[in-house]
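protein.csv (CSV, C-alpha atoms and all ligand atoms)
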```csv
chain,number,residue,atom,x,y,z
A,24,MET,CA,32.4,68.1,-92.1
A,25,SER,CA,32.3,66.4,-95.5
A,26,THR,CA,29.9,67.6,-98.2
A,27,TYR,CA,27.1,65.2,-99.2
A,28,THR,CA,24.7,65.2,-102.2
A,29,VAL,CA,21.1,64.5,-101.3
A,30,GLY,CA,18.7,63.3,-104.0
A,31,TYR,CA,15.2,64.4,-103.1
A,32,PHE,CA,11.9,62.9,-104.3
A,33,VAL,CA,8.7,65.0,-104.4
A,34,GLY,CA,5.9,62.5,-104.1
A,35,SER,CA,3.4,64.8,-105.8
A,36,LEU,CA,2.9,65.4,-109.5
A,37,SER,CA,0.6,68.4,-108.9
A,38,SER,CA,1.6,71.7,-110.5
A,39,THR,CA,0.5,73.4,-107.3
A,40,SER,CA,2.1,70.9,-104.9
A,41,ILE,CA,2.5,72.1,-101.3
A,42,ASN,CA,5.1,69.3,-100.9
A,43,ARG,CA,7.2,70.9,-103.6
A,44,VAL,CA,7.0,74.2,-101.7
A,45,LEU,CA,8.0,72.3,-98.5
A,46,ALA,CA,11.0,70.9,-100.5
A,47,LYS,CA,12.0,74.4,-101.4
A,48,ALA,CA,11.8,75.5,-97.8
A,49,LEU,CA,14.0,72.6,-96.7
A,50,LEU,CA,16.7,73.4,-99.3
A,51,ARG,CA,16.7,77.0,-98.0
A,52,VAL,CA,17.4,76.0,-94.4
A,53,ALA,CA,19.7,73.0,-95.0
A,54,PRO,CA,23.3,73.1,-93.7
A,55,ASP,CA,25.9,74.3,-96.2
A,56,ASN,CA,27.5,70.9,-96.5
A,57,LEU,CA,24.4,69.4,-98.1
A,58,ASP,CA,24.0,69.7,-101.9
A,59,PHE,CA,20.7,68.8,-103.5
A,60,VAL,CA,19.5,67.3,-106.8
A,61,GLU,CA,15.9,66.4,-107.5
A,62,ILE,CA,15.2,62.8,-108.6
A,63,PRO,CA,12.3,63.1,-111.0
A,64,ILE,CA,9.5,60.4,-111.0
A,65,ARG,CA,7.0,62.0,-113.4
A,66,ASN,CA,8.0,60.2,-116.6
A,67,LEU,CA,8.4,56.6,-115.3
A,68,PRO,CA,6.2,54.0,-116.9
A,69,LEU,CA,4.3,51.8,-114.6
A,70,TYR,CA,6.8,49.2,-113.3
A,71,SER,CA,6.5,45.6,-114.5
A,72,PRO,CA,8.9,42.7,-114.0
A,73,ASP,CA,8.8,42.3,-117.8
A,74,TYR,CA,11.3,45.3,-117.8
A,75,ASP,CA,13.8,43.6,-115.6
A,76,ALA,CA,15.7,42.1,-118.5
A,77,GLN,CA,16.1,45.5,-120.1
A,78,TYR,CA,15.2,48.6,-118.3
A,79,PRO,CA,13.8,51.5,-120.4
A,80,PRO,CA,15.8,54.8,-120.3
A,81,GLU,CA,13.6,56.3,-117.6
A,82,GLY,CA,14.2,53.4,-115.3
A,83,THR,CA,17.9,53.4,-115.9
A,84,ALA,CA,18.1,57.1,-115.4
A,85,LEU,CA,16.3,56.7,-112.0
A,86,LYS,CA,18.8,54.1,-110.8
A,87,GLU,CA,21.8,56.1,-112.1
A,88,ALA,CA,20.4,59.2,-110.3
A,89,ILE,CA,20.2,57.3,-107.0
A,90,ALA,CA,23.6,55.7,-107.5
A,91,GLY,CA,25.0,59.3,-107.9
A,92,VAL,CA,23.9,60.6,-104.6
A,93,ASP,CA,24.9,60.0,-101.0
A,94,ALA,CA,21.4,60.1,-99.5
A,95,VAL,CA,17.8,60.4,-100.3
A,96,LEU,CA,15.0,62.6,-98.9
A,97,PHE,CA,11.3,61.9,-99.5
A,98,VAL,CA,9.0,64.9,-99.4
A,99,SER,CA,5.6,63.5,-100.0
A,100,PRO,CA,1.9,64.0,-99.5
A,101,GLU,CA,-0.3,61.3,-98.0
A,102,TYR,CA,-2.8,59.8,-100.4
A,103,ASN,CA,-5.7,57.8,-98.9
A,104,ARG,CA,-3.6,57.2,-95.7
A,105,SER,CA,-0.7,55.9,-97.7
A,106,ILE,CA,1.9,56.7,-100.4
A,107,PRO,CA,1.0,58.4,-103.7
A,108,GLY,CA,1.0,55.8,-106.5
A,109,ALA,CA,3.6,57.7,-108.5
A,110,LEU,CA,6.1,57.6,-105.7
A,111,LYS,CA,5.5,53.9,-104.9
A,112,ASN,CA,6.0,53.2,-108.6
A,113,ALA,CA,9.4,55.0,-108.5
A,114,ILE,CA,10.4,53.1,-105.4
A,115,ASP,CA,9.4,49.8,-107.1
A,116,TRP,CA,11.6,50.7,-110.2
A,117,ALA,CA,14.5,51.6,-108.0
A,118,SER,CA,14.3,48.4,-105.9
A,119,ARG,CA,14.6,46.1,-108.9
A,120,PRO,CA,15.9,44.0,-110.7
A,121,TRP,CA,16.2,41.6,-107.8
A,122,GLY,CA,19.7,41.9,-106.3
A,123,GLN,CA,20.2,45.4,-107.6
A,124,ASN,CA,18.1,47.4,-105.1
A,125,SER,CA,19.2,51.0,-105.3
A,126,PHE,CA,18.2,51.8,-101.7
A,127,ASP,CA,20.4,49.2,-100.0
A,128,HIS,CA,22.0,50.9,-97.0
A,129,ILE,CA,21.3,54.4,-98.3
A,130,PRO,CA,20.8,57.1,-95.7
A,131,ALA,CA,17.2,58.3,-96.0
A,132,ALA,CA,14.7,60.7,-94.4
A,133,VAL,CA,10.9,61.2,-94.9
A,134,ILE,CA,8.8,64.4,-94.4
A,135,GLY,CA,5.6,65.6,-95.8
A,136,ALA,CA,2.9,68.3,-95.7
A,137,SER,CA,-0.8,68.2,-95.8
A,138,ILE,CA,-3.5,70.9,-95.5
A,139,GLY,CA,-5.2,68.9,-92.8
A,140,SER,CA,-3.6,68.8,-89.3
A,141,ILE,CA,-2.6,65.1,-89.6
A,142,GLY,CA,0.5,66.3,-91.6
A,143,THR,CA,1.0,63.1,-93.5
A,144,ALA,CA,1.7,61.1,-90.4
A,145,VAL,CA,-0.1,57.9,-91.6
A,146,GLY,CA,1.3,58.2,-95.1
A,147,GLN,CA,4.8,58.5,-93.7
A,148,GLN,CA,4.4,55.3,-91.7
A,149,SER,CA,3.4,53.5,-94.9
A,150,LEU,CA,6.5,55.0,-96.7
A,151,ARG,CA,8.7,54.0,-93.8
A,152,ALA,CA,7.5,50.4,-94.0
A,153,VAL,CA,8.4,50.3,-97.7
A,154,LEU,CA,11.8,51.9,-97.1
A,155,SER,CA,12.5,49.4,-94.3
A,156,PHE,CA,12.0,46.5,-96.7
A,157,CYS,CA,14.3,48.3,-99.2
A,158,ASN,CA,17.0,48.3,-96.5
A,159,ALA,CA,17.3,52.1,-96.5
A,160,ARG,CA,18.9,53.5,-93.3
A,161,GLN,CA,16.2,55.8,-92.2
A,162,MET,CA,16.5,58.8,-89.8
A,163,THR,CA,13.9,57.9,-87.2
A,164,ALA,CA,14.1,61.1,-85.2
A,165,PRO,CA,13.2,63.9,-85.5
A,166,GLU,CA,9.9,63.1,-87.2
A,167,ALA,CA,8.3,65.9,-89.2
A,168,TYR,CA,4.5,66.1,-89.9
A,169,ILE,CA,3.9,69.5,-91.5
A,170,HIS,CA,0.6,71.2,-91.4
A,171,PHE,CA,0.7,73.5,-94.4
A,172,THR,CA,-0.9,76.9,-94.5
A,173,PRO,CA,-0.2,79.6,-97.1
A,174,GLU,CA,0.3,82.1,-94.3
A,175,VAL,CA,3.4,80.2,-93.1
A,176,PHE,CA,4.9,79.0,-96.5
A,177,GLY,CA,5.6,81.3,-99.4
A,178,GLU,CA,5.6,79.7,-102.9
A,179,ASP,CA,9.3,80.2,-103.2
A,180,GLY,CA,9.9,78.3,-100.0
A,181,THR,CA,10.3,81.2,-97.6
A,182,VAL,CA,9.0,80.4,-94.2
A,183,HIS,CA,7.1,83.2,-92.4
A,184,ASN,CA,6.9,81.6,-89.0
A,185,GLU,CA,10.1,81.6,-86.9
A,186,SER,CA,9.5,78.5,-84.9
A,187,THR,CA,8.5,76.5,-88.1
A,188,GLU,CA,11.6,77.7,-89.8
A,189,GLU,CA,13.7,76.7,-86.8
A,190,PHE,CA,12.0,73.3,-86.7
A,191,LEU,CA,12.8,72.7,-90.4
A,192,ARG,CA,16.4,73.9,-90.0
A,193,ASN,CA,16.9,71.5,-87.1
A,194,TYR,CA,15.4,68.7,-89.1
A,195,MET,CA,17.8,69.2,-91.9
A,196,THR,CA,20.8,69.6,-89.5
A,197,GLU,CA,19.9,66.3,-88.0
A,198,PHE,CA,19.5,64.7,-91.4
A,199,GLY,CA,23.1,65.9,-92.2
A,200,ASN,CA,24.3,64.3,-89.0
A,201,HIS,CA,22.4,61.1,-89.8
A,202,ILE,CA,24.0,60.9,-93.3
A,203,HIS,CA,27.4,61.4,-91.8
A,204,ARG,CA,26.9,58.7,-89.2
A,205,VAL,CA,25.5,56.2,-91.7
A,206,LEU,CA,28.2,56.8,-94.3
A,207,THR,CA,31.0,56.6,-91.7
A,208,VAL,CA,29.9,53.0,-91.0
A,209,LEU,CA,28.6,52.1,-94.4
A,210,PRO,CA,30.4,54.1,-97.1
A,211,ARG,CA,28.7,54.1,-100.5
A,301,LIG,C1,-5.5,63.6,-100.6
A,301,LIG,N1,-5.3,64.3,-99.5
A,301,LIG,C2,-5.1,63.7,-98.3
A,301,LIG,N2,-4.7,64.4,-97.2
A,301,LIG,C3,-4.4,63.7,-96.0
A,301,LIG,O1,-4.0,64.4,-95.0
A,301,LIG,N3,-4.6,62.4,-95.9
A,301,LIG,C4,-5.0,61.6,-97.0
A,301,LIG,O2,-5.1,60.4,-96.8
A,301,LIG,C5,-5.3,62.3,-98.2
A,301,LIG,N4,-5.7,61.6,-99.3
A,301,LIG,C6,-5.7,62.2,-100.5
A,301,LIG,C7,-5.9,61.4,-101.7
A,301,LIG,C8,-5.8,62.0,-102.9
A,301,LIG,C9,-5.9,61.1,-104.1
A,301,LIG,C10,-5.6,63.4,-103.0
A,301,LIG,C11,-5.5,64.1,-104.4
A,301,LIG,C12,-5.5,64.2,-101.9
A,301,LIG,C13,-5.2,65.8,-99.5
A,301,LIG,C14,-3.8,66.2,-99.7
A,301,LIG,O3,-3.1,66.3,-98.5
A,301,LIG,C15,-3.7,67.6,-100.4
A,301,LIG,O4,-4.3,67.4,-101.7
A,301,LIG,C16,-2.3,68.0,-100.6
A,301,LIG,O5,-2.3,69.3,-101.2
A,301,LIG,C17,-1.5,67.0,-101.4
A,301,LIG,O6,-0.1,67.4,-101.5
A,301,LIG,P1,0.5,68.1,-102.8
A,301,LIG,O7,0.1,67.3,-104.0
A,301,LIG,O8,-0.2,69.5,-102.9
A,301,LIG,O9,1.9,68.2,-102.5
```
If you took the structure in this file and wrote it as C-alpha cells, what would it be?
Ligand code: FNR
Amino acid sequence: MSTYTVGYFVGSLSSTSINRVLAKALLRVAPDNLDFVEIPIRNLPLYSPDYDAQYPPEGTALKEAIAGVDAVLFVSPEYNRSIPGALKNAIDWASRPWGQNSFDHIPAAVIGASIGSIGTAVGQQSLRAVLSFCNARQMTAPEAYIHFTPEVFGEDGTVHNESTEEFLRNYMTEFGNHIHRVLTVLPR
C-alpha cells in the first residue's frame, strides 16, 4: 500500500479543545501508511474577496499546505448546530480565488467530538454540505459522532475504552482505504 500524507484541521481554537484530543487519538490508531501534518487555521485574517488579487502570507501558506498533502481530515466541534467560524473562514480562504479551489477532488473525511451526546452530528452535516460544494471527495461511511468523556480520552490521545479505540482505528483504516480509492481514479 502506498504512503499518504493527511493534512488535518482542528476546528477549535480552544486551548483545552476536546477535538484536539480526539485528533491525537486518531493519529495514534491510524494505519502506518498514513502520515499527518496539521494545517493551522488560527492566524488567518477574515477572508474578503479584496484579497483575491494578492493573498496575504497566511492565505498563501494555507493553500500551499493543502497542495502539499494527499488528503484532508476535519476534526471539529459543532458550534450552534453548524461549523465554527474559524474553520469556515479557513475553508473560504482555501476555496478561492475563483478557479483555484484547493479542495477540488481532494479525498476528505469529517469527524468531531462534543460533550453532549449529539457528538457533532448536526455540525458535520453542515460541514459536509460546504465540502460538497468545494468538490471534495468525502468519505461517507463510516460516520463518527464522538461523545467525549474524560474517562475515555486521556489528554495525550490515549483511549481508555477498548470498543471506542477499535471504532476509531476502523474509522482511520477506512479513511486510508478511501484515500487510496480516490487517488487511484483521481491522482493529485
Ligand atoms: C458550543 N457547544 C455545542 N455543542 C454541541 O453539541 N452543539 C452545539 O451546537 C454547540 N454549540 C456551541 C457553540 C459555541 C459558541 C460553543 C463555545 C460551544 C459545546 C461544545 O461542544 C463544547 O464547548 C466543546 O468542548 C467544543 O469543542 P472543543 O473546542 O473543546 O474542541
Inset, instruction - Can you tell me which residues come within 9 Å of ligand LIG 301 (chain A) when counting all atoms listed in the file, ideally as a PyMOL selection string? - result: chain A and resi 33-45+98-107+135-146+170-171
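Using all atoms listed in the file, the shortest contact distance between Ser71 of chain A and any of A:Gly30, A:Pro120, A:Gly91, A:Gly108 is found at A:Pro120.
Minimum atom-to-atom distances from A:Ile64, A:Val29, A:Leu110, A:Val52 to Ala90 of chain A were compared using all atoms listed in the file, and the lowest value belongs to A:Val29.
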Within 12 Å of segment 187-201 of chain A, which residues of segment 102-166 of chain A show up? Give each one with its shortest atom-to-atom distance in Å (one decimal) and the two atoms involved, counting all atoms listed in the file, rows by chain then rising residue number, as CSV.
```
residue,atom,partner,partner_atom,distance
A:Ile129,CA,A:His201,CA,10.9
A:Pro130,CA,A:His201,CA,7.3
A:Ala131,CA,A:Phe198,CA,8.2
A:Ala132,CA,A:Phe198,CA,6.9
A:Val133,CA,A:Phe198,CA,9.9
A:Ile134,CA,A:Tyr194,CA,9.5
A:Gly135,CA,A:Leu191,CA,11.5
A:Arg160,CA,A:His201,CA,9.1
A:Gln161,CA,A:His201,CA,8.5
A:Met162,CA,A:His201,CA,6.3
A:Thr163,CA,A:His201,CA,9.4
A:Ala164,CA,A:Glu197,CA,8.3
A:Pro165,CA,A:Tyr194,CA,6.4
A:Glu166,CA,A:Tyr194,CA,8.1
```
Legend entry - Expected answer as a PyMOL selection string: all residues with atoms within 12 Å of (14.6, 62.5, -110.5), all atoms listed in the file: chain A and resi 29-34+59-67+81-92+95-97+110+113-114+117
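Atom CA of Ala159 of chain A sits 14.3 Å away from atom CA of Gln147 of chain A.
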